file my_file_36.cif (mmCIF, C-alpha atoms)
data_entry
#
loop_
_atom_site.label_atom_id
_atom_site.label_comp_id
_atom_site.auth_asym_id
_atom_site.auth_seq_id
_atom_site.Cartn_x
_atom_site.Cartn_y
_atom_site.Cartn_z
CA MET U 674 -64.15 -17.60 -19.77
CA PHE U 675 -67.22 -16.51 -17.83
CA ILE U 676 -68.70 -13.00 -17.61
CA ILE U 677 -71.10 -12.16 -14.80
CA LYS U 678 -74.22 -10.62 -16.27
CA GLN U 679 -75.91 -10.23 -12.90
CA GLY U 680 -75.06 -11.39 -9.40
CA HIS U 681 -71.99 -12.07 -7.27
CA VAL U 682 -69.34 -14.80 -7.45
CA LYS U 683 -66.57 -15.62 -5.01
CA LEU U 684 -63.34 -17.16 -6.29
CA LEU U 685 -61.55 -19.25 -3.71
CA LYS U 686 -58.98 -21.90 -3.01
CA VAL U 687 -59.26 -24.53 -0.34
CA THR U 688 -56.19 -24.96 1.85
CA PRO U 689 -54.79 -28.43 2.61
CA GLN U 690 -56.47 -28.04 6.02
CA GLY U 691 -59.84 -27.62 4.30
CA LYS U 692 -60.20 -23.89 4.99
CA GLU U 693 -61.53 -21.54 2.30
CA GLN U 694 -59.34 -18.64 1.22
CA ILE U 695 -61.40 -16.20 -0.81
CA LEU U 696 -59.27 -14.60 -3.52
CA HIS U 697 -61.77 -12.32 -5.23
CA ILE U 698 -65.37 -11.23 -4.99
CA LEU U 699 -66.81 -10.46 -8.40
CA SER U 700 -70.03 -8.81 -9.53
CA ASN U 701 -71.88 -7.51 -12.60
CA GLY U 702 -69.55 -7.11 -15.59
CA ASP U 703 -66.61 -8.91 -13.98
CA PHE U 704 -65.14 -12.02 -15.53
CA PHE U 705 -63.18 -15.09 -14.48
CA GLY U 706 -61.51 -18.08 -16.09
CA GLU U 707 -59.51 -15.80 -18.38
CA LEU U 708 -56.18 -17.53 -17.77
CA ASN U 709 -57.24 -20.51 -19.84
CA ILE U 710 -57.65 -18.33 -22.93
CA PHE U 711 -53.92 -17.87 -23.36
CA ASN U 712 -52.66 -21.30 -22.39
CA SER U 713 -53.95 -24.75 -23.19
CA ASP U 714 -52.79 -26.04 -19.80
CA GLU U 715 -55.33 -26.06 -16.99
CA LEU U 716 -54.45 -22.84 -15.13
CA SER U 717 -57.62 -22.11 -13.19
CA ASN U 718 -56.87 -23.85 -9.93
CA PHE U 719 -59.59 -22.11 -7.96
CA SER U 720 -63.28 -22.69 -7.40
CA ALA U 721 -66.07 -20.25 -8.24
CA TYR U 722 -69.32 -20.06 -6.27
CA ALA U 723 -72.36 -17.88 -6.85
CA LEU U 724 -73.23 -15.90 -3.72
CA LYS U 725 -76.81 -15.39 -4.84
CA LYS U 726 -78.82 -15.97 -8.01
CA THR U 727 -76.29 -15.20 -10.72
CA ASP U 728 -76.52 -15.06 -14.51
CA ILE U 729 -73.30 -15.66 -16.43
CA CYS U 730 -72.26 -15.80 -20.07
CA MET U 731 -69.69 -18.37 -21.13
CA PHE U 732 -67.19 -17.92 -23.95
CA THR U 733 -65.10 -20.73 -25.37
CA ARG U 734 -61.37 -20.33 -25.94
CA ASP U 735 -62.03 -20.02 -29.70
CA ASP U 736 -64.65 -17.29 -29.11
CA MET U 737 -62.26 -15.32 -26.92
CA GLU U 738 -59.29 -15.75 -29.25
CA HIS U 739 -61.40 -14.34 -32.07
CA LEU U 740 -62.62 -11.42 -29.93
CA VAL U 741 -59.14 -10.60 -28.61
CA ARG U 742 -57.49 -10.73 -32.03
CA ASN U 743 -60.13 -8.56 -33.69
CA ASN U 744 -60.89 -6.09 -30.89
CA PRO U 745 -57.87 -4.37 -29.35
CA ASP U 746 -60.14 -2.60 -26.84
CA ILE U 747 -61.21 -5.95 -25.41
CA SER U 748 -57.59 -7.07 -25.21
CA TRP U 749 -56.67 -3.89 -23.36
CA LYS U 750 -59.60 -4.22 -20.90
CA LEU U 751 -58.68 -7.85 -20.27
CA LEU U 752 -55.03 -6.96 -19.62
CA LYS U 753 -55.94 -4.08 -17.28
CA THR U 754 -58.31 -6.26 -15.27
CA VAL U 755 -55.87 -9.16 -14.99
CA THR U 756 -53.15 -6.72 -13.87
CA LYS U 757 -55.45 -5.24 -11.19
CA ARG U 758 -56.31 -8.72 -9.96
CA LEU U 759 -52.66 -9.68 -9.78
CA ALA U 760 -51.90 -6.56 -7.72
CA HIS U 761 -54.90 -7.30 -5.47
CA THR U 762 -53.76 -10.90 -4.95
CA GLU U 763 -50.21 -9.77 -4.14
CA ASN U 764 -51.58 -7.24 -1.62
CA LEU U 765 -53.85 -9.90 -0.11
CA ALA U 766 -50.95 -12.33 0.27
CA GLN U 767 -48.78 -9.66 1.91
CA SER U 768 -51.62 -8.55 4.15
CA LEU U 769 -52.40 -12.08 5.31
CA ALA U 770 -48.74 -12.71 6.04
CA THR U 771 -47.78 -9.50 7.78
CA LYS U 772 -50.59 -7.29 8.97
CA ASP U 773 -52.55 -7.24 12.18
CA PRO U 774 -56.09 -8.66 11.84
CA GLU U 775 -57.62 -5.29 12.70
CA ILE U 776 -55.73 -3.68 9.81
CA ARG U 777 -56.81 -6.45 7.43
CA ILE U 778 -60.44 -6.01 8.45
CA ALA U 779 -60.27 -2.21 8.03
CA TYR U 780 -58.75 -2.71 4.57
CA MET U 781 -61.49 -5.19 3.66
CA ILE U 782 -64.25 -2.78 4.72
CA LEU U 783 -62.72 -0.03 2.57
CA GLU U 784 -62.31 -2.42 -0.35
CA LEU U 785 -65.93 -3.57 -0.09
CA GLY U 786 -67.00 0.07 0.16
CA ASN U 787 -65.14 0.91 -3.04
CA LYS U 788 -66.63 -2.02 -4.92
CA TYR U 789 -70.16 -2.31 -3.48
CA GLY U 790 -70.74 0.90 -1.53
CA LYS U 791 -73.31 3.52 -2.36
CA PRO U 792 -73.30 7.07 -0.95
CA VAL U 793 -75.95 7.65 1.71
CA GLN U 794 -78.26 10.45 0.60
CA GLY U 795 -78.19 13.43 2.90
CA ALA U 796 -75.20 12.11 4.84
CA GLN U 797 -71.93 13.40 3.47
CA ASP U 798 -69.07 10.88 3.29
CA ARG U 799 -71.21 7.96 4.50
CA ILE U 800 -71.10 4.83 2.37
CA LYS U 801 -73.67 2.05 2.69
CA ILE U 802 -72.44 -1.44 1.77
CA GLU U 803 -74.76 -4.36 1.15
CA LEU U 804 -72.38 -7.20 1.88
CA PRO U 805 -72.26 -10.01 -0.69
CA LEU U 806 -70.59 -12.29 1.87
CA SER U 807 -71.64 -13.82 5.18
CA ARG U 808 -69.60 -13.11 8.33
CA GLU U 809 -67.94 -16.52 7.93
CA GLU U 810 -66.96 -15.68 4.34
CA LEU U 811 -65.67 -12.24 5.39
CA ALA U 812 -63.54 -13.97 8.01
CA ASN U 813 -62.16 -16.41 5.43
CA TYR U 814 -61.40 -13.52 3.09
CA VAL U 815 -59.05 -11.87 5.60
CA GLY U 816 -57.80 -15.01 7.33
CA VAL U 817 -59.45 -14.62 10.74
CA THR U 818 -62.25 -16.31 12.65
CA ARG U 819 -65.88 -15.22 12.49
CA GLU U 820 -65.59 -14.23 16.15
CA THR U 821 -62.68 -11.89 15.33
CA ILE U 822 -64.74 -10.26 12.56
CA SER U 823 -67.61 -9.72 15.00
CA ARG U 824 -65.32 -8.29 17.72
CA LYS U 825 -63.57 -5.89 15.32
CA PHE U 826 -66.85 -4.80 13.72
CA SER U 827 -68.19 -4.07 17.22
CA LYS U 828 -65.03 -2.12 18.09
CA PHE U 829 -65.24 -0.06 14.88
CA GLU U 830 -68.91 0.59 15.62
CA ARG U 831 -68.15 1.74 19.22
CA LEU U 832 -65.50 4.10 17.81
CA GLY U 833 -68.06 5.63 15.42
CA ILE U 834 -66.23 4.40 12.32
CA ILE U 835 -68.95 2.08 11.00
CA GLU U 836 -72.58 1.29 11.68
CA ILE U 837 -73.87 -2.27 11.41
CA LYS U 838 -77.43 -3.12 10.45
CA GLY U 839 -78.29 -6.82 10.51
CA THR U 840 -75.78 -9.30 9.13
CA ARG U 841 -75.42 -7.97 5.58
CA GLU U 842 -75.24 -4.19 5.84
CA ILE U 843 -72.46 -1.88 6.98
CA THR U 844 -72.34 1.88 6.69
CA ILE U 845 -68.92 3.50 6.70
CA LEU U 846 -69.29 6.60 8.87
CA ASN U 847 -65.64 7.66 8.86
CA ALA U 848 -63.49 6.35 6.00
CA GLN U 849 -60.59 8.56 7.13
CA LYS U 850 -60.32 6.66 10.42
CA LEU U 851 -60.41 3.33 8.57
CA ASN U 852 -57.58 4.60 6.37
CA GLU U 853 -55.62 5.54 9.50
CA TYR U 854 -55.78 1.89 10.61
CA ILE U 855 -54.20 0.83 7.33
CA ASP U 856 -51.42 3.41 7.46
#
call {"tool": "encode", "arguments": {"input": "my_file_36.cif", "output": "C-alpha cells"}}
result
Amino acid sequence: MFIIKQGHVKLLKVTPQGKEQILHILSNGDFFGELNIFNSDELSNFSAYALKKTDICMFTRDDMEHLVRNNPDISWKLLKTVTKRLAHTENLAQSLATKDPEIRIAYMILELGNKYGKPVQGAQDRIKIELPLSREELANYVGVTRETISRKFSKFERLGIIEIKGTREITILNAQKLNEYID
C-alpha cells in the first residue's frame, strides 16, 4: 500500500482502445493499493501516475496486516475511505453512462472544488481551484474530448459560473448554478 506524503497521483485504467479513464485523483494523506492487503491475488488492475513531484510511503502487506490488527482506528479509516471510493467509482460509472457531458463537467468542477478548492479571501462563496490535471486529463476523467472541456468551460465562464485563469486555475463564482446543472 502507498500513502501520499506530498503531491498528487492519478489512478487510471487504459481502455482496449488505448484511452485513459481516470478513476481517482489523490493528494496528501490519501492512499492507494489497499486492495492487495486483504487478498493475495493481484487486485490492483490500475496504473498510478504522479501529477507532479510526489513523495510516497510504501507499506508491505505484513506491515499493514500488523497495523490493521493492532489499531482499530486505522482499520476504520481504511474501511471508510474504501467505501467512499467505491461510491465515487459507482457514481462515475453511472455518470459516464447516462449523463450529458455538460452535467459531468459541472459535477467534476464541484468535486475538484470540494477536494482542492480554497475560499477566496474577501469574496464570499468563491472557491479557487488549482487544478492538478491538464485539460486533456480533465477530459479523460469525464469521458469527453479536450475540445468539449474547453467549450463547456467557456460557456460556464460566459454565464458567470466560473472564472478561468491560465490552464490550471478555475474559480467557482456560483456553486449553486453548478449544482443546478447536476440536478
call {"tool": "atom_distance", "arguments": {"input": "my_file_36.cif", "atom1": "CA of Asp856 (chain U)", "atom2": "CA of Lys772 (chain U)"}}
result
10.8 Å
call {"tool": "closest_residue", "arguments": {"input": "my_file_36.cif", "among": "U:Arg831, U:His761, U:His697, U:His681", "to": "Leu724 (chain U)", "atoms": "only C-alpha atoms"}}
result
U:His681
call {"tool": "atom_distance", "arguments": {"input": "my_file_36.cif", "atom1": "CA of Thr688 (chain U)", "atom2": "CA of Val755 (chain U)"}}
result
23.1 Å
call {"tool": "closest_residue", "arguments": {"input": "my_file_36.cif", "among": "U:Ile676, U:Leu804, U:Ile782, U:Ala760", "to": "Thr840 (chain U)", "atoms": "all atoms listed in the file"}}
result
U:Leu804
call {"tool": "closest_residue", "arguments": {"input": "my_file_36.cif", "among": "U:Ile855, U:Ile800, U:Leu699, U:Glu775", "to": "Lys725 (chain U)", "atoms": "all atoms listed in the file"}}
result
U:Leu699
call {"tool": "closest_residue", "arguments": {"input": "my_file_36.cif", "among": "U:Asn701, U:Ile710, U:Ala812, U:Ile729", "to": "Phe675 (chain U)", "atoms": "all atoms listed in the file"}}
result
U:Ile729
call {"tool": "residues_around", "arguments": {"input": "my_file_36.cif", "residues": "Phe705 (chain U)", "least_positions_apart": "6", "cutoff": "12 Å", "atoms": "only C-alpha atoms", "output": "list in words"}}
result
Met674, Phe675, Ile676, Ile677, His681, Val682, Lys683, Leu684, Leu685, Leu696, His697, Ile698, Leu699, Leu716, Ser717, Asn718, Phe719, Ser720, Ala721, Tyr722, Ile729, Cys730, Met731, Phe732, Leu751, Thr754, Val755 and Arg758 of chain U
call {"tool": "write_last_selection", "arguments": {"input": "my_file_36.cif", "atoms": "C-alpha atoms", "output": "PDB file, keeping the file's coordinate frame"}}
result
ATOM      1  CA  MET U 674     -64.150 -17.600 -19.770  1.00  0.00           C
ATOM      2  CA  PHE U 675     -67.220 -16.510 -17.830  1.00  0.00           C
ATOM      3  CA  ILE U 676     -68.700 -13.000 -17.610  1.00  0.00           C
ATOM      4  CA  ILE U 677     -71.100 -12.160 -14.800  1.00  0.00           C
ATOM      5  CA  HIS U 681     -71.990 -12.070  -7.270  1.00  0.00           C
ATOM      6  CA  VAL U 682     -69.340 -14.800  -7.450  1.00  0.00           C
ATOM      7  CA  LYS U 683     -66.570 -15.620  -5.010  1.00  0.00           C
ATOM      8  CA  LEU U 684     -63.340 -17.160  -6.290  1.00  0.00           C
ATOM      9  CA  LEU U 685     -61.550 -19.250  -3.710  1.00  0.00           C
ATOM     10  CA  LEU U 696     -59.270 -14.600  -3.520  1.00  0.00           C
ATOM     11  CA  HIS U 697     -61.770 -12.320  -5.230  1.00  0.00           C
ATOM     12  CA  ILE U 698     -65.370 -11.230  -4.990  1.00  0.00           C
ATOM     13  CA  LEU U 699     -66.810 -10.460  -8.400  1.00  0.00           C
ATOM     14  CA  LEU U 716     -54.450 -22.840 -15.130  1.00  0.00           C
ATOM     15  CA  SER U 717     -57.620 -22.110 -13.190  1.00  0.00           C
ATOM     16  CA  ASN U 718     -56.870 -23.850  -9.930  1.00  0.00           C
ATOM     17  CA  PHE U 719     -59.590 -22.110  -7.960  1.00  0.00           C
ATOM     18  CA  SER U 720     -63.280 -22.690  -7.400  1.00  0.00           C
ATOM     19  CA  ALA U 721     -66.070 -20.250  -8.240  1.00  0.00           C
ATOM     20  CA  TYR U 722     -69.320 -20.060  -6.270  1.00  0.00           C
ATOM     21  CA  ILE U 729     -73.300 -15.660 -16.430  1.00  0.00           C
ATOM     22  CA  CYS U 730     -72.260 -15.800 -20.070  1.00  0.00           C
ATOM     23  CA  MET U 731     -69.690 -18.370 -21.130  1.00  0.00           C
ATOM     24  CA  PHE U 732     -67.190 -17.920 -23.950  1.00  0.00           C
ATOM     25  CA  LEU U 751     -58.680  -7.850 -20.270  1.00  0.00           C
ATOM     26  CA  THR U 754     -58.310  -6.260 -15.270  1.00  0.00           C
ATOM     27  CA  VAL U 755     -55.870  -9.160 -14.990  1.00  0.00           C
ATOM     28  CA  ARG U 758     -56.310  -8.720  -9.960  1.00  0.00           C
TER      29      ARG U 758
END
call {"tool": "closest_residue", "arguments": {"input": "my_file_36.cif", "among": "U:Leu759, U:Leu832, U:Ala723, U:Val817", "to": "Met781 (chain U)", "atoms": "only C-alpha atoms"}}
result
U:Val817
call {"tool": "residues_near_point", "arguments": {"input": "my_file_36.cif", "point": "(-59.8, -8.3, 16.7)", "cutoff": "7 Å", "atoms": "all atoms listed in the file", "output": "list of chain:residue names"}}
result
U:Pro774, U:Glu775, U:Thr821, U:Ile822, U:Arg824, U:Lys825
call {"tool": "atom_distance", "arguments": {"input": "my_file_36.cif", "atom1": "CA of Gly795 (chain U)", "atom2": "CA of Ile835 (chain U)"}}
result
16.7 Å
call {"tool": "closest_residue", "arguments": {"input": "my_file_36.cif", "among": "U:Glu820, U:Glu809, U:Asp703, U:Glu803", "to": "Thr844 (chain U)", "atoms": "all atoms listed in the file"}}
result
U:Glu803
call {"tool": "resolve_selection", "arguments": {"input": "my_file_36.cif", "expression": "the PyMOL selection byres ((chain U and resi 783-792) around 9)", "output": "VMD selection string"}}
result
chain U and resid 700 778 to 782 793 to 805 843 to 845 848 851 to 852
call {"tool": "write_last_selection", "arguments": {"input": "my_file_36.cif", "atoms": "C-alpha atoms", "output": "compact mmCIF listing (two decimals), keeping the file's coordinate frame"}}
result
# COMPACT_ATOMS: atom_id res chain seq x y z
CA SER U 700 -70.03 -8.81 -9.53
CA ILE U 778 -60.44 -6.01 8.45
CA ALA U 779 -60.27 -2.21 8.03
CA TYR U 780 -58.75 -2.71 4.57
CA MET U 781 -61.49 -5.19 3.66
CA ILE U 782 -64.25 -2.78 4.72
CA VAL U 793 -75.95 7.65 1.71
CA GLN U 794 -78.26 10.45 0.60
CA GLY U 795 -78.19 13.43 2.90
CA ALA U 796 -75.20 12.11 4.84
CA GLN U 797 -71.93 13.40 3.47
CA ASP U 798 -69.07 10.88 3.29
CA ARG U 799 -71.21 7.96 4.50
CA ILE U 800 -71.10 4.83 2.37
CA LYS U 801 -73.67 2.05 2.69
CA ILE U 802 -72.44 -1.44 1.77
CA GLU U 803 -74.76 -4.36 1.15
CA LEU U 804 -72.38 -7.20 1.88
CA PRO U 805 -72.26 -10.01 -0.69
CA ILE U 843 -72.46 -1.88 6.98
CA THR U 844 -72.34 1.88 6.69
CA ILE U 845 -68.92 3.50 6.70
CA ALA U 848 -63.49 6.35 6.00
CA LEU U 851 -60.41 3.33 8.57
CA ASN U 852 -57.58 4.60 6.37
